[in-house]
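What follows is run_39.txt (compact mmCIF, C-alpha atoms).
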# COMPACT_ATOMS: atom_id res chain seq x y z
CA MET A 14 59.40 1.06 2.08
CA ARG A 15 55.77 2.06 1.73
CA THR A 16 53.05 0.32 -0.17
CA SER A 17 52.17 1.35 -3.70
CA GLU A 18 49.02 3.27 -4.45
CA LEU A 19 48.55 2.00 -8.00
CA TYR A 20 47.60 -1.61 -7.38
CA ALA A 21 45.29 -0.59 -4.56
CA CYS A 22 43.39 2.16 -6.39
CA ALA A 23 39.81 1.73 -7.57
CA PRO A 24 40.43 1.91 -11.36
CA VAL A 25 42.87 -1.01 -11.06
CA ARG A 26 40.93 -3.11 -8.58
CA THR A 27 37.72 -2.81 -10.62
CA VAL A 28 39.42 -4.53 -13.55
CA LEU A 29 41.75 -6.93 -11.74
CA GLY A 30 39.43 -8.09 -8.97
CA GLY A 31 41.02 -9.93 -6.05
CA ALA A 32 44.20 -11.10 -7.78
CA LEU A 33 45.68 -7.57 -8.10
CA ARG A 34 48.01 -8.43 -10.97
CA PRO A 35 47.88 -8.65 -14.75
CA GLY A 36 46.12 -11.75 -15.98
CA GLY A 37 44.36 -12.45 -12.68
CA ASP A 38 45.28 -15.93 -11.47
CA GLN A 39 46.53 -17.22 -14.87
CA LEU A 40 50.14 -16.45 -14.01
CA THR A 41 49.71 -18.03 -10.58
CA ARG A 42 48.41 -21.24 -12.15
CA ARG A 43 51.41 -21.29 -14.48
CA MET A 44 53.76 -20.79 -11.51
CA LEU A 45 52.12 -23.63 -9.63
CA ARG A 46 52.56 -25.91 -12.64
CA LEU A 47 56.26 -25.05 -12.78
CA ALA A 48 56.86 -25.33 -9.05
CA SER A 49 56.54 -28.61 -7.25
CA VAL A 50 54.03 -28.11 -4.42
CA PRO A 51 53.43 -31.48 -2.73
CA PRO A 52 51.05 -31.51 0.25
CA GLY A 53 52.77 -30.18 3.35
CA SER A 54 55.14 -27.90 1.40
CA ARG A 55 56.05 -24.75 3.27
CA VAL A 56 55.33 -21.86 0.94
CA LEU A 57 55.53 -18.09 1.33
CA ASP A 58 53.42 -15.84 -0.87
CA ALA A 59 55.50 -12.67 -0.69
CA GLY A 60 53.13 -9.75 -1.25
CA CYS A 61 50.03 -11.89 -0.78
CA GLY A 62 47.44 -9.11 -1.12
CA CYS A 63 43.94 -10.46 -0.54
CA GLY A 64 45.16 -14.05 -0.38
CA VAL A 65 44.03 -15.43 -3.75
CA THR A 66 47.27 -17.38 -4.20
CA LEU A 67 47.20 -18.52 -0.58
CA GLY A 68 43.81 -20.09 -1.28
CA MET A 69 45.19 -21.93 -4.30
CA LEU A 70 48.14 -23.17 -2.25
CA ARG A 71 45.91 -24.45 0.51
CA GLU A 72 43.80 -26.31 -2.08
CA ARG A 73 47.00 -28.20 -2.88
CA GLY A 74 47.61 -29.04 0.75
CA ALA A 75 50.53 -26.65 1.17
CA MET A 76 51.33 -24.95 4.45
CA ALA A 77 50.93 -21.42 3.08
CA PHE A 78 52.09 -18.19 4.63
CA GLY A 79 51.34 -14.69 3.38
CA LEU A 80 53.27 -11.48 3.94
CA ASP A 81 52.10 -8.05 2.81
CA LEU A 82 52.37 -4.43 3.87
CA ASN A 83 48.74 -3.59 3.18
CA ALA A 84 46.64 -4.20 6.30
CA GLY A 85 43.39 -3.73 4.39
CA PHE A 86 44.17 -6.56 2.00
CA LEU A 87 45.37 -8.79 4.83
CA ARG A 88 42.00 -8.40 6.54
CA ASP A 89 40.49 -10.10 3.46
CA ALA A 90 43.14 -12.81 3.52
CA VAL A 91 43.32 -13.59 7.21
CA GLY A 92 41.75 -16.75 8.60
CA LYS A 93 40.20 -18.19 5.47
CA ARG A 94 43.41 -18.39 3.45
CA GLY A 95 46.18 -19.35 5.86
CA ALA A 96 48.62 -17.62 8.15
CA VAL A 97 49.30 -14.03 7.17
CA ALA A 98 51.37 -11.25 8.66
CA GLN A 99 51.85 -7.57 7.94
CA GLY A 100 55.44 -6.86 7.15
CA ASP A 101 58.16 -5.71 4.83
CA LEU A 102 59.52 -8.31 2.43
CA ALA A 103 63.01 -7.08 3.27
CA PHE A 104 62.59 -8.41 6.85
CA GLN A 105 60.88 -11.77 6.63
CA PRO A 106 59.75 -13.42 9.90
CA PHE A 107 61.06 -16.88 8.99
CA ALA A 108 64.04 -18.93 10.11
CA ASP A 109 66.92 -19.60 7.75
CA ASN A 110 66.36 -22.54 5.35
CA SER A 111 62.75 -22.95 6.52
CA LEU A 112 60.72 -22.76 3.29
CA ASP A 113 60.35 -24.97 0.21
CA LEU A 114 58.96 -22.34 -2.12
CA VAL A 115 58.66 -18.56 -2.27
CA MET A 116 56.15 -17.09 -4.71
CA CYS A 117 56.31 -13.39 -5.47
CA GLU A 118 53.89 -12.02 -8.03
CA CYS A 119 54.16 -8.37 -9.06
CA ALA A 120 55.42 -7.28 -5.66
CA TRP A 121 59.22 -7.40 -5.99
CA ASN A 122 59.45 -4.19 -8.02
CA LEU A 123 57.81 -2.34 -5.14
CA THR A 124 60.54 -3.31 -2.71
CA ASP A 125 64.21 -2.85 -1.95
CA LYS A 126 64.92 -5.50 -4.57
CA GLY A 127 68.42 -6.59 -3.57
CA LYS A 128 67.53 -6.91 0.11
CA VAL A 129 64.39 -8.84 -0.70
CA LEU A 130 66.22 -11.31 -2.93
CA ALA A 131 68.72 -11.84 -0.11
CA GLU A 132 65.83 -12.58 2.23
CA PHE A 133 64.27 -15.01 -0.23
CA PHE A 134 67.60 -16.80 -0.42
CA ARG A 135 67.99 -16.85 3.36
CA VAL A 136 64.56 -18.34 4.14
CA LEU A 137 64.59 -20.97 1.36
CA ARG A 138 66.02 -24.39 2.11
CA PRO A 139 68.92 -25.56 -0.07
CA GLY A 140 67.38 -26.33 -3.45
CA GLY A 141 64.19 -24.46 -2.54
CA MET A 142 62.48 -22.63 -5.36
CA LEU A 143 61.79 -18.97 -6.00
CA ALA A 144 58.93 -18.30 -8.44
CA LEU A 145 59.05 -14.65 -9.38
CA ALA A 146 56.85 -12.66 -11.75
CA ASP A 147 56.98 -8.94 -12.30
CA ILE A 148 57.18 -6.10 -14.79
CA TYR A 149 60.32 -5.59 -16.86
CA ALA A 150 61.28 -2.92 -19.35
CA ARG A 151 61.28 -4.02 -22.98
CA GLY A 152 62.38 -0.52 -23.93
CA ILE A 153 64.52 1.98 -22.07
CA PRO A 154 64.18 1.37 -18.32
CA ALA A 155 63.65 5.00 -17.47
CA GLY A 156 60.93 7.58 -17.51
CA GLN A 157 59.10 9.34 -14.74
CA TRP A 158 56.02 7.64 -13.35
CA PRO A 159 53.57 9.85 -11.45
CA VAL A 160 52.78 7.22 -8.82
CA ARG A 161 54.88 4.64 -7.07
CA CYS A 162 54.13 1.45 -8.93
CA CYS A 163 55.59 -1.78 -10.25
CA PHE A 164 56.62 0.00 -13.47
CA ALA A 165 58.84 2.58 -11.78
CA GLN A 166 61.56 0.19 -10.58
CA ALA A 167 61.37 -2.14 -13.58
CA THR A 168 64.65 -2.95 -15.29
CA ASP A 169 65.47 -4.86 -18.46
CA LEU A 170 65.21 -8.65 -18.22
CA ARG A 171 68.99 -9.18 -18.40
CA THR A 172 69.39 -7.09 -15.25
CA VAL A 173 66.64 -9.08 -13.51
CA LEU A 174 68.40 -12.36 -14.29
CA ASP A 175 71.76 -10.95 -13.14
CA GLU A 176 70.24 -9.76 -9.85
CA VAL A 177 68.61 -13.13 -9.16
CA SER A 178 71.80 -15.04 -10.02
CA THR A 179 73.96 -12.71 -7.93
CA ALA A 180 71.68 -13.38 -4.94
CA GLY A 181 72.68 -17.06 -5.09
CA PHE A 182 70.00 -18.55 -7.27
CA GLU A 183 70.32 -20.83 -10.28
CA ILE A 184 67.86 -19.67 -12.91
CA GLY A 185 65.48 -22.32 -14.22
CA VAL A 186 62.60 -21.31 -16.45
CA VAL A 187 62.23 -17.80 -17.85
CA GLU A 188 59.00 -16.93 -19.66
CA ASP A 189 57.54 -13.81 -21.20
CA HIS A 190 53.88 -13.16 -20.38
CA THR A 191 53.62 -9.65 -21.78
CA GLU A 192 50.40 -10.65 -23.55
CA LEU A 193 48.68 -10.80 -20.15
CA LEU A 194 49.85 -7.28 -19.39
CA LYS A 195 48.62 -6.05 -22.75
CA LYS A 196 45.23 -7.66 -22.18
CA THR A 197 44.94 -5.93 -18.82
CA ALA A 198 45.92 -2.59 -20.39
CA ALA A 199 43.31 -3.21 -23.11
CA ASP A 200 40.68 -3.79 -20.41
CA PHE A 201 41.70 -0.44 -18.91
CA VAL A 202 41.29 1.20 -22.32
CA PHE A 203 37.83 -0.27 -22.83
CA ARG A 204 36.73 0.93 -19.41
CA HIS A 205 38.34 4.38 -19.43
CA GLY A 206 38.34 5.23 -23.16
CA SER A 207 42.15 5.31 -23.45
CA LEU A 208 45.29 4.66 -21.44
CA HIS A 209 45.40 8.40 -20.79
CA GLY A 210 41.86 8.12 -19.42
CA PHE A 211 42.93 5.29 -17.16
CA TRP A 212 45.92 7.17 -15.78
CA GLN A 213 43.77 10.27 -15.33
CA ALA A 214 41.35 8.18 -13.25
CA VAL A 215 44.31 6.95 -11.18
CA THR A 216 46.09 10.28 -10.71
CA GLY A 217 43.24 12.78 -11.04
CA SER A 218 45.39 14.90 -13.34
CA SER A 219 45.69 15.13 -17.11
CA GLU A 220 49.34 16.23 -16.82
CA LEU A 221 50.26 13.28 -14.61
CA ALA A 222 48.37 10.97 -16.93
CA GLU A 223 50.44 12.25 -19.84
CA MET A 224 53.60 11.67 -17.80
CA ALA A 225 52.57 8.04 -17.25
CA CYS A 226 51.75 7.54 -20.94
CA ASP A 227 55.13 9.00 -21.91
CA ALA A 228 56.93 6.74 -19.44
CA SER A 229 55.07 3.74 -20.81
CA ARG A 230 55.97 4.59 -24.40
CA VAL A 231 59.66 4.82 -23.47
CA SER A 232 59.95 1.78 -21.22
CA LYS A 233 57.49 -0.54 -23.03
CA PRO A 234 56.56 -2.59 -19.96
CA GLY A 235 56.55 -6.36 -20.27
CA LEU A 236 55.77 -9.16 -17.84
CA PHE A 237 58.17 -11.98 -16.98
CA LEU A 238 57.92 -15.16 -14.96
CA LEU A 239 60.98 -17.03 -13.76
CA THR A 240 61.83 -19.89 -11.48
CA ALA A 241 65.17 -20.24 -9.69
CA ARG A 242 66.71 -22.62 -7.18
CA ALA A 243 68.56 -21.52 -4.07
CA VAL A 244 72.07 -22.92 -4.43
CA LYS A 245 73.52 -23.49 -0.95
CA ARG A 246 76.45 -25.62 0.07
CA MET B 3 32.78 -7.97 -16.67
CA SER B 4 30.76 -6.46 -19.50
CA LEU B 5 30.92 -2.83 -20.62
CA THR B 6 28.13 -1.20 -22.59
CA PHE B 7 28.85 0.95 -25.65
CA LEU B 8 25.79 2.35 -27.40
CA PRO B 9 25.61 5.30 -29.81
CA GLU B 10 23.76 8.37 -28.60
CA ASP B 11 21.11 7.63 -31.21
CA MET B 12 19.89 4.03 -31.06
CA ASN B 13 17.47 4.48 -33.98
CA TRP B 14 19.40 2.15 -36.25
CA ILE B 15 17.87 -0.48 -38.52
CA CYS B 16 19.61 -3.61 -39.84
CA GLU B 17 19.35 -3.05 -43.59
CA PRO B 18 19.10 -6.72 -44.73
CA CYS B 19 16.60 -7.67 -41.98
CA GLY B 20 14.72 -4.42 -41.47
CA ALA B 21 14.84 -4.97 -37.70
CA PRO B 22 15.70 -2.22 -35.20
CA LEU B 23 18.99 -2.86 -33.44
CA GLU B 24 18.89 -3.80 -29.78
CA GLN B 25 21.45 -3.79 -27.00
CA GLY B 26 23.13 -7.21 -26.91
CA LYS B 27 26.09 -9.03 -25.39
CA VAL B 28 29.02 -9.40 -27.76
CA GLU B 29 32.40 -11.10 -27.55
CA LEU B 30 35.15 -9.20 -29.33
CA ASP B 31 38.10 -11.43 -30.21
CA TYR B 32 41.41 -9.95 -31.29
CA LEU B 33 44.84 -11.57 -31.36
CA GLY B 34 43.74 -14.25 -28.95
CA ASN B 35 42.17 -11.84 -26.49
CA THR B 36 38.44 -11.80 -25.74
CA PHE B 37 36.55 -8.74 -24.53
CA HIS B 38 32.96 -8.92 -23.32
CA VAL B 39 30.95 -5.83 -24.23
CA GLU B 40 27.40 -4.82 -25.02
CA LEU B 41 26.77 -3.22 -28.42
CA PRO B 42 23.85 -2.63 -30.81
CA VAL B 43 22.93 -6.01 -32.32
CA CYS B 44 20.37 -7.09 -34.90
CA PRO B 45 17.94 -9.44 -33.09
CA LYS B 46 17.33 -11.38 -36.32
CA CYS B 47 20.71 -11.97 -37.98
CA GLY B 48 23.02 -11.13 -35.05
CA ALA B 49 25.00 -8.50 -36.97
CA VAL B 50 26.81 -6.14 -34.62
CA PHE B 51 27.02 -2.39 -35.18
CA VAL B 52 30.39 -0.90 -34.23
CA TYR B 53 29.86 2.82 -34.56
CA GLU B 54 32.60 5.13 -35.81
CA GLU B 55 33.49 6.82 -32.52
CA LEU B 56 34.02 3.45 -30.85
CA ALA B 57 35.96 1.99 -33.78
CA LEU B 58 38.30 4.98 -34.05
CA GLY B 59 38.61 5.45 -30.30
CA ARG B 60 38.80 2.60 -27.82
CA ILE B 61 38.97 -0.22 -30.34
CA LEU B 62 41.77 1.43 -32.33
CA GLU B 63 43.79 2.05 -29.16
CA VAL B 64 43.25 -1.52 -28.02
CA GLU B 65 44.38 -2.84 -31.43
CA GLN B 66 47.52 -0.68 -31.33
CA LEU B 67 48.25 -1.79 -27.80
CA LEU B 68 47.87 -5.51 -28.55
CA GLU B 69 49.93 -5.10 -31.74
CA ASP B 70 52.68 -3.33 -29.74
CA LYS B 71 52.48 -0.16 -31.86
Structure encoded using structure tokens:
Amino acid sequence: MRTSELYACAPVRTVLGGALRPGGDQLTRRMLRLASVPPGSRVLDAGCGCGVTLGMLRERGAMAFGLDLNAGFLRDAVGKRGAVAQGDLAFQPFADNSLDLVMCECAWNLTDKGKVLAEFFRVLRPGGMLALADIYARGIPAGQWPVRCCFAQATDLRTVLDEVSTAGFEIGVVEDHTELLKKTAADFVFRHGSLHGFWQAVTGSSELAEMACDASRVSKPGLFLLTARAVKR
Amino acid sequence: MSLTFLPEDMNWICEPCGAPLEQGKVELDYLGNTFHVELPVCPKCGAVFVYEELALGRILEVEQLLEDK
């Protein structure tokens, strides 16, 4: 697995700031309301980026750990936000049943999704919670994207729920937050003149920008948030 | 984050007030979303001038996007 270029590129970071996901920290705050995070909870932020969520977890007294592939982002997160490590989410450096909560915001689609869900299940204690947010396809989950990004591996929501359940989780809350994604896309349009202009700034090519716009029209990306409990006997 | 959108020609006068328009901060609200931009504004009555290129370009695409069209 290699890290995506889209979330790290300048046109995206300029709009999203440190949170690196649609809606900034709004979705994170919603996750934290849904998940119980008493002081001392052991929490992994899977794909922690610059550590914005780690900071919010530490404010709540959680023992927060961050894992991300991008060394540049981890340099921002290290020290001030909690314990972080560079690594693949498919090989998590935690003991079995060792965590109370795993949060994964717009990182799962960039990974080997089945393996990563299995790792989430392995490291969570029985009854531990997974809080997962990512892109899903409201249209046809296909289309060619010119860069590796969270849109490329997005499936329909039914498939997401099946994958999470098959990994051993009991689904709790499922919410649609597509409005946050639309707002972010609208911010891109204001800044770059159009979505085509945004993708051209990302890819440097009008043809690749058109490819991305076509893929978006077909797949109609949406944004979901779900919580699920690890069912272990 | 505030983006500035001004027409090439800023020699516009607010007809009711007779005041020349000036660059001003504006909040655009649409379908529950707020966008902070800078546009030509009348310093007296606060009327905002959304010029045609902006209305039929970025703003139209944003509307279509938020309306899922």
So, counting only C-alpha atoms, which residue among A:Thr124, A:Asn110, A:Asn83, A:Ser229 is closest to chain B?
->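 Under the stated criterion, the closest residue is A:Ser229.
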Considering only C-alpha atoms, state which residue in the set A:Ala243, A:Gln213, A:Arg151, A:Glu223 is at the smallest distance from chain B.
-> A:Arg151
Please provide as number ranges by chain all residues within 12 Å of B:Pro42, with the sequence filter that same-chain residues fewer than 2 positions apart are discarded (counting all atoms listed in the file).
-> B: 6-16, 21-28, 39-40, 44-45, 48-53, 56
Measure the distance from atom CA of A:Ala144 to atom CA of A:Thr66 in Å and round it to one decimal.
->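 Going from atom CA of A:Ala144 over to atom CA of A:Thr66 covers 12.4 Å.
Rounded to one decimal, atom CA of A:Lys245 and atom CA of A:Gly140 lie 7.2 Å from each other.
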Write out as a VMD selection string each polymer residue whose atoms come within 8 Å of A:Asn122, counting all atoms listed in the file; drop sequence neighbours fewer than 2 positions from it.
-> chain A and resid 119 to 120 124 to 126 147 to 148 162 to 167
Can you list every residue of chain A that has an atom at most 10 Å from chain B, with its nearest atom pair and the distance in Å to one decimal, using all atoms listed in the file, ordered by chain then number, as a tab-separated table?
residue	atom	partner	partner_atom	distance
A:Thr27	CA	B:Met3	CA	9.4
A:Val28	CA	B:Met3	CA	8.1
A:Thr191	CA	B:Leu68	CA	9.8
A:Glu192	CA	B:Leu68	CA	7.6
A:Leu193	CA	B:Asn35	CA	9.1
A:Leu194	CA	B:Leu68	CA	9.5
A:Lys195	CA	B:Leu68	CA	5.9
A:Lys196	CA	B:Asn35	CA	6.7
A:Ala198	CA	B:Leu67	CA	7.8
A:Ala199	CA	B:Val64	CA	5.2
A:Asp200	CA	B:Phe37	CA	7.7
A:Phe201	CA	B:Val64	CA	9.3
A:Val202	CA	B:Arg60	CA	6.2
A:Phe203	CA	B:Arg60	CA	5.8
A:Arg204	CA	B:Leu5	CA	7.0
A:His205	CA	B:Arg60	CA	8.6
A:Gly206	CA	B:Arg60	CA	5.4
A:Ser207	CA	B:Arg60	CA	6.1
A:Leu208	CA	B:Glu63	CA	8.3
A:Arg230	CA	B:Lys71	CA	9.5
A:Lys233	CA	B:Asp70	CA	8.7
Best match for closeness to A:Ala98 among A:Gly37, A:Gly85, A:Gly79, A:Gly152, counting all atoms listed in the file =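 Result for the nearest residue to A:Ala98: A:Gly79.
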Near A:Leu80, counting all atoms listed in the file, which residues have an atom at most 7 Å away, once you skip same-chain residues fewer than 6 positions from it, shown as an MDAnalysis selection string?
-> chainID A and resid 58:61 97:100
Please, what distance in Å, to one decimal, runs between atom CA of A:Leu236 and atom CA of A:Ala146?
->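 So the answer is 7.1 Å.
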Do you know which residues are at most 12 Å from A:Met142 counting only C-alpha atoms, after dropping those on the same chain fewer than 4 positions away, and could you put them as number ranges by chain?
-> A: 44-45, 47-50, 54-57, 110-117, 133-138, 177, 181-186, 239-245
Name the closest residue to A:Arg43 among the candidates A:Val91, A:Leu70, A:Leu238, A:Ala75; distances are taken between atoms, counting all atoms listed in the file.
-> A:Leu238
Nearest to A:Ala180, restricted to only C-alpha atoms and choosing among A:Asp89, A:Glu132, A:Asp227, A:Glu220, comes out as A:Glu132
Given the choices A:Gly36, A:Gly141, A:Gly53, A:Gly217, which gets closest to A:Cys22 if the distance is worked out from all atoms listed in the file?
-> A:Gly217
As a short mmCIF file (atom, residue, chain, number, x, y, z; two decimals), in the frame of the given file, the rebuilt stretch 39-56 of chain B with N, CA and C atoms:
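Dumped to out.cif:
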data_model
loop_
_atom_site.label_atom_id
_atom_site.label_comp_id
_atom_site.auth_asym_id
_atom_site.auth_seq_id
_atom_site.Cartn_x
_atom_site.Cartn_y
_atom_site.Cartn_z
N VAL B 39 31.56 -7.16 -24.21
CA VAL B 39 30.95 -5.83 -24.23
C VAL B 39 29.49 -5.96 -24.66
N GLU B 40 28.77 -4.86 -24.51
CA GLU B 40 27.40 -4.82 -25.02
C GLU B 40 27.33 -3.74 -26.08
N LEU B 41 26.83 -4.11 -27.25
CA LEU B 41 26.77 -3.22 -28.42
C LEU B 41 25.40 -3.35 -29.09
N PRO B 42 25.09 -2.46 -30.05
CA PRO B 42 23.85 -2.63 -30.81
C PRO B 42 23.95 -3.88 -31.69
N VAL B 43 22.93 -4.73 -31.60
CA VAL B 43 22.93 -6.01 -32.32
C VAL B 43 21.58 -6.17 -33.03
N CYS B 44 21.62 -6.76 -34.21
CA CYS B 44 20.37 -7.09 -34.90
C CYS B 44 19.78 -8.35 -34.25
N PRO B 45 18.53 -8.28 -33.77
CA PRO B 45 17.94 -9.44 -33.09
C PRO B 45 17.65 -10.59 -34.05
N LYS B 46 17.64 -10.31 -35.37
CA LYS B 46 17.33 -11.38 -36.32
C LYS B 46 18.60 -12.09 -36.81
N CYS B 47 19.53 -11.32 -37.36
CA CYS B 47 20.71 -11.97 -37.98
C CYS B 47 21.94 -11.94 -37.07
N GLY B 48 21.90 -11.17 -35.99
CA GLY B 48 23.02 -11.13 -35.05
C GLY B 48 24.15 -10.20 -35.45
N ALA B 49 23.96 -9.45 -36.56
CA ALA B 49 25.00 -8.50 -36.97
C ALA B 49 25.21 -7.45 -35.87
N VAL B 50 26.46 -7.09 -35.68
CA VAL B 50 26.81 -6.14 -34.62
C VAL B 50 27.19 -4.81 -35.25
N PHE B 51 26.72 -3.73 -34.68
CA PHE B 51 27.02 -2.39 -35.18
C PHE B 51 28.12 -1.77 -34.31
N VAL B 52 29.30 -1.60 -34.92
CA VAL B 52 30.39 -0.90 -34.23
C VAL B 52 30.43 0.51 -34.80
N TYR B 53 29.97 1.47 -34.05
CA TYR B 53 29.86 2.82 -34.56
C TYR B 53 31.23 3.50 -34.61
N GLU B 54 31.30 4.55 -35.43
CA GLU B 54 32.60 5.13 -35.81
C GLU B 54 33.42 5.60 -34.60
N GLU B 55 32.76 6.26 -33.67
CA GLU B 55 33.49 6.82 -32.52
C GLU B 55 34.16 5.70 -31.72
N LEU B 56 33.46 4.59 -31.58
CA LEU B 56 34.02 3.45 -30.85
C LEU B 56 35.16 2.80 -31.63
#
